[in-house]
Every structure is written in C-alpha cells, then in structure tokens.
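Novice: Sharing structure_0.txt (compact mmCIF, C-alpha atoms) below.
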# COMPACT_ATOMS: atom_id res chain seq x y z
CA MET A 1230 128.07 46.78 117.95
CA ASN A 1231 125.06 45.32 116.28
CA SER A 1232 124.75 47.62 113.25
CA ILE A 1233 128.42 47.24 112.33
CA PHE A 1234 127.86 43.50 111.93
CA HIS A 1235 124.39 43.79 110.36
CA ARG A 1236 124.73 46.61 107.79
CA VAL A 1237 124.67 45.64 104.11
CA SER A 1238 124.21 47.72 100.96
CA ILE A 1239 120.46 47.92 100.25
CA ARG A 1240 119.41 48.91 96.72
CA LYS A 1241 115.65 48.12 96.75
CA TYR A 1242 113.26 50.22 98.81
CA GLU A 1243 109.65 50.61 99.75
CA SER A 1244 108.15 53.76 98.29
CA ARG A 1245 107.09 55.27 101.63
CA PRO A 1246 109.01 58.39 102.61
CA ILE A 1247 111.54 58.64 105.42
CA GLU A 1248 110.28 60.43 108.51
CA LYS A 1249 111.87 63.86 109.10
CA GLU A 1250 112.99 62.75 112.56
CA LYS A 1251 114.92 59.80 111.09
CA THR A 1252 116.47 61.98 108.39
CA GLU A 1253 117.70 64.35 111.06
CA LEU A 1254 119.18 61.46 113.04
CA LEU A 1255 121.15 60.40 109.96
CA LEU A 1256 122.54 63.94 109.70
CA ARG A 1257 123.29 64.09 113.42
CA ALA A 1258 125.16 60.80 113.11
CA ALA A 1259 127.20 62.17 110.20
CA MET A 1260 128.19 65.30 112.09
CA ALA A 1261 129.19 63.25 115.14
CA ALA A 1262 132.08 61.75 113.17
CA PRO A 1263 135.67 62.65 113.96
CA SER A 1264 137.61 64.78 111.48
CA ALA A 1265 141.23 65.83 111.14
CA CYS A 1266 141.91 68.75 113.50
CA ASN A 1267 138.12 68.70 114.06
CA GLN A 1268 137.74 70.64 110.81
CA GLN A 1269 134.23 69.28 110.04
CA PRO A 1270 134.34 70.10 106.31
CA TRP A 1271 130.88 68.64 105.63
CA GLU A 1272 127.54 69.89 104.44
CA PHE A 1273 124.62 67.72 103.36
CA TYR A 1274 122.06 67.87 100.57
CA VAL A 1275 118.81 66.11 101.48
CA VAL A 1276 117.20 65.28 98.15
CA THR A 1277 113.58 64.11 98.09
CA SER A 1278 112.70 65.82 94.78
CA ALA A 1279 111.83 63.05 92.29
CA GLU A 1280 113.25 65.06 89.41
CA LEU A 1281 116.60 65.58 91.11
CA ARG A 1282 116.81 61.96 92.29
CA GLU A 1283 116.24 60.85 88.71
CA LYS A 1284 119.03 63.11 87.46
CA LEU A 1285 121.44 62.00 90.21
CA SER A 1286 120.75 58.35 89.39
CA LYS A 1287 122.24 58.89 85.92
CA THR A 1288 125.57 60.31 87.04
CA THR A 1289 127.32 56.92 87.19
CA PRO A 1290 126.77 53.53 85.50
CA TYR A 1291 125.97 51.98 88.91
CA THR A 1292 123.36 54.27 90.43
CA ALA A 1293 120.15 53.73 88.44
CA PHE A 1294 118.40 52.30 91.52
CA ALA A 1295 118.82 55.63 93.34
CA ALA A 1296 115.93 57.05 91.30
CA GLU A 1297 113.59 54.73 93.23
CA ALA A 1298 114.94 55.62 96.68
CA PRO A 1299 112.65 58.02 98.56
CA LEU A 1300 115.69 59.89 99.82
CA VAL A 1301 119.14 60.58 98.41
CA LEU A 1302 121.70 62.23 100.69
CA VAL A 1303 124.61 64.01 99.06
CA PRO A 1304 127.46 64.82 101.46
CA ALA A 1305 129.68 67.62 100.20
CA TYR A 1306 132.66 69.49 101.59
CA ARG A 1307 133.50 73.15 101.72
CA GLU A 1308 137.10 74.39 101.39
CA ARG A 1309 137.29 75.64 104.93
CA GLY A 1310 139.56 73.28 106.85
CA VAL A 1311 143.18 73.62 107.91
CA VAL A 1312 144.18 70.20 106.53
CA PRO A 1313 142.44 69.84 103.16
CA GLN A 1314 144.43 66.71 102.39
CA TYR A 1315 142.11 64.93 104.87
CA PHE A 1316 138.78 66.10 103.37
CA HIS A 1317 137.97 62.78 101.70
CA ILE A 1318 139.00 60.81 104.77
CA ASP A 1319 136.83 62.98 107.02
CA MET A 1320 133.88 62.65 104.68
CA ALA A 1321 134.20 58.87 104.54
CA ALA A 1322 133.97 58.61 108.33
CA ALA A 1323 130.81 60.72 108.29
CA VAL A 1324 129.31 58.56 105.54
CA GLU A 1325 130.01 55.37 107.46
CA ASN A 1326 128.18 56.87 110.44
CA ILE A 1327 125.15 57.55 108.21
CA LEU A 1328 125.13 53.97 106.93
CA LEU A 1329 125.32 52.54 110.44
CA GLU A 1330 122.68 54.87 111.83
CA ALA A 1331 120.40 53.99 108.91
CA ASP A 1332 120.75 50.32 109.85
CA ALA A 1333 120.04 51.09 113.50
CA LEU A 1334 116.85 52.93 112.46
CA GLY A 1335 115.58 50.01 110.35
CA LEU A 1336 116.47 51.75 107.09
CA GLY A 1337 118.53 50.50 104.17
CA ALA A 1338 121.16 52.56 102.38
CA CYS A 1339 123.81 52.34 99.69
CA TRP A 1340 127.02 54.38 99.30
CA MET A 1341 127.78 55.39 95.71
CA GLY A 1342 131.20 56.85 94.94
CA ILE A 1343 131.39 60.28 93.27
CA ALA A 1344 134.68 61.85 94.46
CA PRO A 1345 137.44 61.56 93.35
CA GLU A 1346 136.00 61.02 89.83
CA PRO A 1347 136.10 64.46 88.10
CA ASP A 1348 133.23 63.80 85.65
CA ARG A 1349 130.86 62.52 88.32
CA MET A 1350 131.76 65.38 90.65
CA ALA A 1351 131.04 67.98 87.97
CA ASP A 1352 127.71 66.36 87.08
CA VAL A 1353 126.44 66.13 90.67
CA LYS A 1354 127.60 69.65 91.42
CA ALA A 1355 125.69 71.00 88.40
CA ILE A 1356 122.50 69.02 89.15
CA LEU A 1357 122.35 70.34 92.71
CA ASN A 1358 123.48 73.83 91.72
CA MET A 1359 126.21 73.83 94.37
CA SER A 1360 128.19 76.99 95.03
CA ASP A 1361 131.75 77.09 93.72
CA ASP A 1362 133.37 76.27 97.06
CA LEU A 1363 131.36 73.08 97.63
CA THR A 1364 132.45 69.69 96.27
CA PRO A 1365 130.13 66.66 96.20
CA PHE A 1366 131.60 63.57 97.85
CA CYS A 1367 129.18 60.72 97.21
CA LEU A 1368 125.52 59.74 96.90
CA ILE A 1369 123.71 57.77 99.60
CA SER A 1370 120.33 56.29 98.72
CA VAL A 1371 118.06 55.67 101.70
CA GLY A 1372 114.72 53.92 102.13
CA TYR A 1373 112.87 51.23 104.01
CA PRO A 1374 114.40 47.97 102.74
CA ALA A 1375 112.55 45.89 100.17
CA GLU A 1376 115.31 43.29 100.19
CA GLU A 1377 117.06 41.45 102.97
CA ARG A 1378 120.22 39.40 103.25
CA PRO A 1379 122.81 38.56 105.89
CA GLN A 1380 126.09 40.40 106.04
CA GLN A 1381 128.95 38.51 104.43
CA ASN A 1382 131.69 37.50 106.87
CA ARG A 1383 134.76 39.32 105.54
CA PHE A 1384 137.06 38.60 108.48
CA GLU A 1385 140.37 37.11 107.33
CA LEU A 1386 143.00 36.27 109.89
CA ASN A 1387 145.76 36.37 107.26
CA ARG A 1388 145.22 40.11 106.95
CA VAL A 1389 146.36 40.62 110.55
CA HIS A 1390 150.00 41.08 111.61
CA TYR A 1391 150.74 40.78 115.34
CA LEU A 1392 153.81 42.64 116.63
CA GLU A 1393 154.14 41.73 120.29
CA MET B 976 123.06 54.29 117.59
CA ASN B 977 124.52 54.78 120.99
CA SER B 978 128.25 54.61 120.18
CA ILE B 979 127.94 57.09 117.29
CA PHE B 980 126.67 59.69 119.76
CA HIS B 981 129.01 58.68 122.60
CA ARG B 982 132.42 58.21 120.94
CA VAL B 983 135.10 60.81 121.63
CA SER B 984 138.86 60.78 121.05
CA ILE B 985 140.49 59.26 124.15
CA ARG B 986 144.21 59.93 124.67
CA LYS B 987 144.76 58.72 128.26
CA TYR B 988 144.60 55.04 129.10
CA GLU B 989 144.87 52.56 131.93
CA SER B 990 147.96 50.38 131.60
CA ARG B 991 146.09 47.05 131.58
CA PRO B 992 146.22 45.23 128.25
CA ILE B 993 143.32 44.76 125.87
CA GLU B 994 141.84 41.26 125.86
CA LYS B 995 142.55 39.25 122.70
CA GLU B 996 138.82 38.74 122.18
CA LYS B 997 138.22 42.50 122.17
CA THR B 998 141.13 43.10 119.81
CA GLU B 999 139.64 40.57 117.42
CA LEU B 1000 136.25 42.29 117.60
CA LEU B 1001 137.90 45.57 116.61
CA LEU B 1002 139.42 43.85 113.59
CA ARG B 1003 136.13 42.14 112.72
CA ALA B 1004 134.39 45.51 112.88
CA ALA B 1005 136.99 47.02 110.54
CA MET B 1006 136.60 44.24 107.97
CA ALA B 1007 132.79 44.57 108.11
CA ALA B 1008 133.07 48.01 106.51
CA PRO B 1009 131.91 48.64 102.96
CA SER B 1010 134.52 49.34 100.27
CA ALA B 1011 134.39 50.47 96.65
CA CYS B 1012 133.57 47.45 94.47
CA ASN B 1013 134.02 45.44 97.67
CA GLN B 1014 137.78 45.58 97.11
CA GLN B 1015 138.68 45.32 100.82
CA PRO B 1016 142.20 46.74 100.45
CA TRP B 1017 142.94 46.54 104.16
CA GLU B 1018 145.39 44.73 106.41
CA PHE B 1019 146.03 45.48 110.07
CA TYR B 1020 149.10 45.65 112.28
CA VAL B 1021 148.32 44.90 115.92
CA VAL B 1022 151.18 46.50 117.86
CA THR B 1023 151.59 45.67 121.54
CA SER B 1024 155.42 45.80 121.53
CA ALA B 1025 156.47 48.68 123.82
CA GLU B 1026 159.50 49.42 121.65
CA LEU B 1027 157.44 49.73 118.48
CA ARG B 1028 154.70 51.77 120.16
CA GLU B 1029 157.37 54.17 121.36
CA LYS B 1030 158.78 54.52 117.86
CA LEU B 1031 155.34 54.98 116.31
CA SER B 1032 154.50 57.68 118.84
CA LYS B 1033 157.32 59.83 117.42
CA THR B 1034 156.19 59.78 113.80
CA THR B 1035 154.06 62.93 114.10
CA PRO B 1036 154.04 65.97 116.44
CA TYR B 1037 150.62 64.90 117.78
CA THR B 1038 151.06 61.27 118.73
CA ALA B 1039 153.31 61.19 121.81
CA PHE B 1040 150.45 59.79 123.92
CA ALA B 1041 150.37 56.65 121.75
CA ALA B 1042 153.47 55.37 123.55
CA GLU B 1043 151.34 54.92 126.68
CA ALA B 1044 148.49 53.09 124.93
CA PRO B 1045 148.60 49.32 125.53
CA LEU B 1046 147.62 48.74 121.92
CA VAL B 1047 148.27 50.61 118.67
CA LEU B 1048 146.48 49.43 115.55
CA VAL B 1049 147.96 50.38 112.20
CA PRO B 1050 145.59 49.86 109.27
CA ALA B 1051 147.39 49.57 105.95
CA TYR B 1052 146.34 48.90 102.38
CA ARG B 1053 147.71 46.60 99.73
CA GLU B 1054 147.70 47.57 96.04
CA ARG B 1055 145.20 44.90 95.06
CA GLY B 1056 141.90 46.63 94.31
CA VAL B 1057 140.26 47.52 91.02
CA VAL B 1058 139.61 51.15 92.03
CA PRO B 1059 142.73 52.37 93.84
CA GLN B 1060 141.43 55.93 93.83
CA TYR B 1061 139.08 54.79 96.63
CA PHE B 1062 141.72 53.20 98.91
CA HIS B 1063 141.80 56.08 101.42
CA ILE B 1064 138.02 56.34 101.46
CA ASP B 1065 137.67 52.60 102.07
CA MET B 1066 140.24 52.71 104.84
CA ALA B 1067 138.50 55.62 106.56
CA ALA B 1068 135.23 53.69 106.75
CA ALA B 1069 137.05 50.74 108.31
CA VAL B 1070 138.76 53.02 110.84
CA GLU B 1071 135.45 54.61 111.85
CA ASN B 1072 134.08 51.11 112.51
CA ILE B 1073 137.04 50.39 114.78
CA LEU B 1074 136.48 53.60 116.76
CA LEU B 1075 132.77 52.85 117.21
CA GLU B 1076 133.34 49.23 118.15
CA ALA B 1077 135.98 50.34 120.68
CA ASP B 1078 133.40 52.63 122.28
CA ALA B 1079 130.84 49.82 122.34
CA LEU B 1080 133.38 47.57 124.11
CA GLY B 1081 134.12 50.16 126.80
CA LEU B 1082 137.47 51.07 125.27
CA GLY B 1083 138.85 54.45 124.28
CA ALA B 1084 140.66 55.16 121.04
CA CYS B 1085 142.18 57.97 119.01
CA TRP B 1086 142.65 58.22 115.23
CA MET B 1087 145.98 59.75 114.19
CA GLY B 1088 146.48 60.68 110.53
CA ILE B 1089 149.44 59.23 108.63
CA ALA B 1090 148.34 59.03 104.97
CA PRO B 1091 148.45 61.12 102.85
CA GLU B 1092 151.55 62.68 104.48
CA PRO B 1093 154.60 61.19 102.64
CA ASP B 1094 157.09 61.60 105.52
CA ARG B 1095 154.83 60.00 108.10
CA MET B 1096 153.95 57.16 105.74
CA ALA B 1097 157.60 56.40 105.09
CA ASP B 1098 158.45 56.46 108.79
CA VAL B 1099 155.61 54.14 109.86
CA LYS B 1100 156.33 51.78 106.98
CA ALA B 1101 159.98 51.52 108.02
CA ILE B 1102 159.24 51.05 111.73
CA LEU B 1103 156.85 48.17 111.04
CA ASN B 1104 159.04 46.75 108.26
CA MET B 1105 156.11 46.61 105.85
CA SER B 1106 156.52 44.95 102.47
CA ASP B 1107 156.79 47.23 99.42
CA ASP B 1108 153.18 46.79 98.37
CA LEU B 1109 151.69 47.82 101.74
CA THR B 1110 151.01 51.45 102.66
CA PRO B 1111 150.23 52.57 106.23
CA PHE B 1112 147.03 54.58 106.54
CA CYS B 1113 146.86 55.82 110.13
CA LEU B 1114 147.57 54.97 113.76
CA ILE B 1115 144.81 54.11 116.23
CA SER B 1116 145.72 54.04 119.91
CA VAL B 1117 143.46 51.85 122.06
CA GLY B 1118 143.12 51.32 125.78
CA TYR B 1119 140.76 51.38 128.71
CA PRO B 1120 139.92 55.08 129.18
CA ALA B 1121 141.61 57.04 131.95
CA GLU B 1122 139.68 60.18 130.98
CA GLU B 1123 136.02 60.83 130.34
CA ARG B 1124 134.03 63.62 128.74
CA PRO B 1125 130.76 64.01 126.90
CA GLN B 1126 130.66 64.15 123.13
CA GLN B 1127 130.44 67.69 121.77
CA ASN B 1128 127.21 68.41 119.87
CA ARG B 1129 128.41 69.22 116.35
CA PHE B 1130 125.01 69.27 114.66
CA GLU B 1131 124.46 72.48 112.68
CA LEU B 1132 121.24 72.94 110.77
CA ASN B 1133 122.81 75.56 108.50
CA ARG B 1134 124.96 72.81 106.99
CA VAL B 1135 121.87 71.06 105.62
CA HIS B 1136 120.26 71.87 102.25
CA TYR B 1137 116.78 70.46 101.62
CA LEU B 1138 115.78 69.90 98.00
CA GLU B 1139 112.15 68.75 98.04
The structure given in the file should be rewritten as structure tokens.
Specialist:
Amino acid sequence: MNSIFHRVSIRKYESRPIEKEKTELLLRAAMAAPSACNQQPWEFYVVTSAELREKLSKTTPYTAFAAEAPLVLVPAYRERGVVPQYFHIDMAAAVENILLEADALGLGACWMGIAPEPDRMADVKAILNMSDDLTPFCLISVGYPAEERPQQNRFELNRVHYLE
Amino acid sequence: MNSIFHRVSIRKYESRPIEKEKTELLLRAAMAAPSACNQQPWEFYVVTSAELREKLSKTTPYTAFAAEAPLVLVPAYRERGVVPQYFHIDMAAAVENILLEADALGLGACWMGIAPEPDRMADVKAILNMSDDLTPFCLISVGYPAEERPQQNRFELNRVHYLE
C-alpha cells in the first residue's frame, strides 16, 4: 500500500491551515482502527489554538517544532474498556492510521510520545484541561509538508524467522 | 486511504497458501512503521508449520480459528532499544501496517493479543522456542478470505474535542 511505503516523519510545515474535511478524514481513519475486544478507548483533541500548540510544544525536549504546525492532534483514552491492559496498544494502532491517512491526503505528520511518561502525561492533561478519566497518549503534529525525503528502507531479512 | 476504511478482522480462510512475495510485503510493511527513537525493536516469526499453528491456536480462548489459517505471523521484540517503555507501542504500529497491507493485497487477517498477558506470552515463547531476549507480542492469522463483510462505521463526533 503506497502510504505505508511512503510515510516519513515530517517536522516542517507550510503555515496554511488544514481543511476541516481533511481533519475529519484523519479522525475517521483513527476510529477505523481495530482495538482489543473492540473497546475503542479513544477520544481526540483537535488543537488549532496557537497558544495551546505553543504550550504543548514545550512538554518534551523533542517537540519544539509542534508550535509551528497548523494542527496538533492529541489522542487520549477514557477508562471505559473491558481490557485496559490493551489501551496503549489500541491507541498506537489508531495513531498509525492517522499517520498513513495524512500521507494519503498529501499532509505531513509526526508522532511524539507522551504516554507512558508520567511527567509528560500530567503536563498535556493540564494544558488541555482534560477530565479526570481521560489520559493523553501522544501528540501528532500535522501540516502541509515543507520538507521532503524518501522513506528509509528498514527491511532486514535477518529479523525474520521461518518455521515451515 | 482505501484499506484503512475497508479492513476488518477476518477469521475464516481458504486453505491455499500465501505466496512468498506477499508474505515478504507484509513483513516490509511492518518494518516500514515508525518507532520511538527509530529503535525498531521488532522481529517476526513466519509460521506455516501446521503443528505449530495448531499449538499457537490453543494459547488463548479466542484463537482456535488460527489453526486453519495457512499463515500465522508472530511479531516479537528484542530488548535492544533505548526507550523500552515504547516497545508495545512500536509493535502495535507495525502490526497495524501488516493488517492494512494484508487488506491491500486481497488477504484477510486477524490480530490476537498476547502481550501483555504473562501466561500467553510464556506459552507462545515456549512453542516457538524463542531465545531469552525475545518477547512475543501478538499472533496475526493470515489467509485468503472465506468470509466478507463491510467495515462498521465507528466514527463518533462526540469523541472529538475542538480547541481553536
């Protein structure tokens, strides 16, 4: 599938905003992901506020560029599933869908880890004024790419074990 | 992207084997996933042995159908990354790529959780005779679909919070 083999982390963006239709497609892609027992623990913060993007960009040493992204998505999970031990795994599948859909729409994105780091989680939760039962999972910066590069080939045959 | 909005869990398969070229594309898709600090913790067991598929199918109450899949992939991770707290998250992104690539190739697949359940992890590790520093993450059954259904629309606008 083309986007799987084309997607790279993009950290430089044009300043133009993301169309609402494309933002919704990113969210639809996220919610199309599989989850353990179909528990769908996810909710999504769609942050276009410049003030909030600036604050989010300071929550880790590696996220300064997020302040310049026209859009920052913050997937979070609510404690509502039957198998909470799979919350992070479910969320990661949804995030990968967002990254791939962004590529398919001509957008660039970058996944920035928040969970399971307690300090980062507390900071993001406070900035977005999340309710007690919501936990932030990561940040995803999104914008039209202002950089371009080919995907690195990471395939390594010595990581594969055939049991025939 | 078409496969994101088409993929469903497929648990019934034709008996014909998966072509080696398609199996390799599934593995290439997995290794094209992003990972924290690009640590790429993954390795992959490609299980076509009927005896081993039968044993794997008994490691959880929900995986009996895997015995009838011509191929079972078992992603695992090695303790080699700089941020081990992201191993499960990295693995989940790679698994989602496999599921989407399977759909794009006309195959059906189903993700079965193993980690973080200690009993299941120990059983799968023993069946595949993994070395001490490898940990099984999940099972993925793969085959040509012998069932078909549309993807459920899981989009819910009340899970989205706009901060403008």
Novice: Name all residues at most 12 Å from Ile1318 in chain A (count only C-alpha atoms; drop same-chain ones fewer than 4 positions away) and give them as number ranges by chain.
Specialist: A: 1262-1265, 1268-1271, 1306, 1312-1314, 1322-1325, 1344-1345, 1366; B: 1061-1071, 1086-1091, 1112-1113
Novice: Restrict the distance test to only C-alpha atoms, flag each residue of chain B within 7 Å of chain A, and return the flagged residues as a PDB file with C-alpha atoms, in the coordinates of the input.
Specialist:
ATOM      1  CA  MET B 976     123.060  54.290 117.590  1.00  0.00           C
ATOM      2  CA  ILE B 979     127.940  57.090 117.290  1.00  0.00           C
ATOM      3  CA  PHE B 980     126.670  59.690 119.760  1.00  0.00           C
ATOM      4  CA  ARG B1003     136.130  42.140 112.720  1.00  0.00           C
ATOM      5  CA  ALA B1004     134.390  45.510 112.880  1.00  0.00           C
ATOM      6  CA  MET B1006     136.600  44.240 107.970  1.00  0.00           C
ATOM      7  CA  ALA B1007     132.790  44.570 108.110  1.00  0.00           C
ATOM      8  CA  GLU B1018     145.390  44.730 106.410  1.00  0.00           C
ATOM      9  CA  PHE B1019     146.030  45.480 110.070  1.00  0.00           C
ATOM     10  CA  TYR B1020     149.100  45.650 112.280  1.00  0.00           C
ATOM     11  CA  VAL B1021     148.320  44.900 115.920  1.00  0.00           C
ATOM     12  CA  VAL B1022     151.180  46.500 117.860  1.00  0.00           C
ATOM     13  CA  THR B1023     151.590  45.670 121.540  1.00  0.00           C
ATOM     14  CA  SER B1024     155.420  45.800 121.530  1.00  0.00           C
ATOM     15  CA  GLN B1060     141.430  55.930  93.830  1.00  0.00           C
ATOM     16  CA  HIS B1063     141.800  56.080 101.420  1.00  0.00           C
ATOM     17  CA  ILE B1064     138.020  56.340 101.460  1.00  0.00           C
ATOM     18  CA  ALA B1067     138.500  55.620 106.560  1.00  0.00           C
ATOM     19  CA  ALA B1068     135.230  53.690 106.750  1.00  0.00           C
ATOM     20  CA  GLU B1071     135.450  54.610 111.850  1.00  0.00           C
ATOM     21  CA  ASN B1072     134.080  51.110 112.510  1.00  0.00           C
ATOM     22  CA  GLU B1076     133.340  49.230 118.150  1.00  0.00           C
ATOM     23  CA  ALA B1079     130.840  49.820 122.340  1.00  0.00           C
ATOM     24  CA  PRO B1091     148.450  61.120 102.850  1.00  0.00           C
ATOM     25  CA  ARG B1129     128.410  69.220 116.350  1.00  0.00           C
ATOM     26  CA  PHE B1130     125.010  69.270 114.660  1.00  0.00           C
ATOM     27  CA  ARG B1134     124.960  72.810 106.990  1.00  0.00           C
ATOM     28  CA  VAL B1135     121.870  71.060 105.620  1.00  0.00           C
ATOM     29  CA  HIS B1136     120.260  71.870 102.250  1.00  0.00           C
ATOM     30  CA  TYR B1137     116.780  70.460 101.620  1.00  0.00           C
ATOM     31  CA  LEU B1138     115.780  69.900  98.000  1.00  0.00           C
ATOM     32  CA  GLU B1139     112.150  68.750  98.040  1.00  0.00           C
TER      33      GLU B1139
END
Novice: Any idea what the distance is between CA of Ser1116 in chain B and CA of Leu1031 in chain B?
Specialist: 10.3 Å
Novice: Edge lengths and centre, in Å to one decimal, as lines of an AutoDock Vina configuration file: that's what I need for the box along x, y and z that holds all listed atoms of range 1019-1024 of chain B plus 4 Å on each side.
Specialist:
center_x = 150.7
center_y = 45.7
center_z = 115.8
size_x = 17.4
size_y = 9.6
size_z = 19.5
Novice: State, in Å with one decimal place, the distance from CA of Arg1307 in chain A to CA of Ala1355 in chain A.
Specialist: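 Separation between CA of Arg1307 in chain A and CA of Ala1355 in chain A: 15.6 Å.
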Novice: Would you mind telling me which residue in B:Glu1043, B:Glu1054, B:Lys1033, B:Pro1125 lies nearest to Glu989 in chain B when using all atoms listed in the file?
Specialist: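 Closest residue, counting all atoms listed in the file: B:Glu1043.
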Novice: Interatomic distance between CA of Pro1120 in chain B and CA of Ser990 in chain B?
Specialist: 9.6 Å
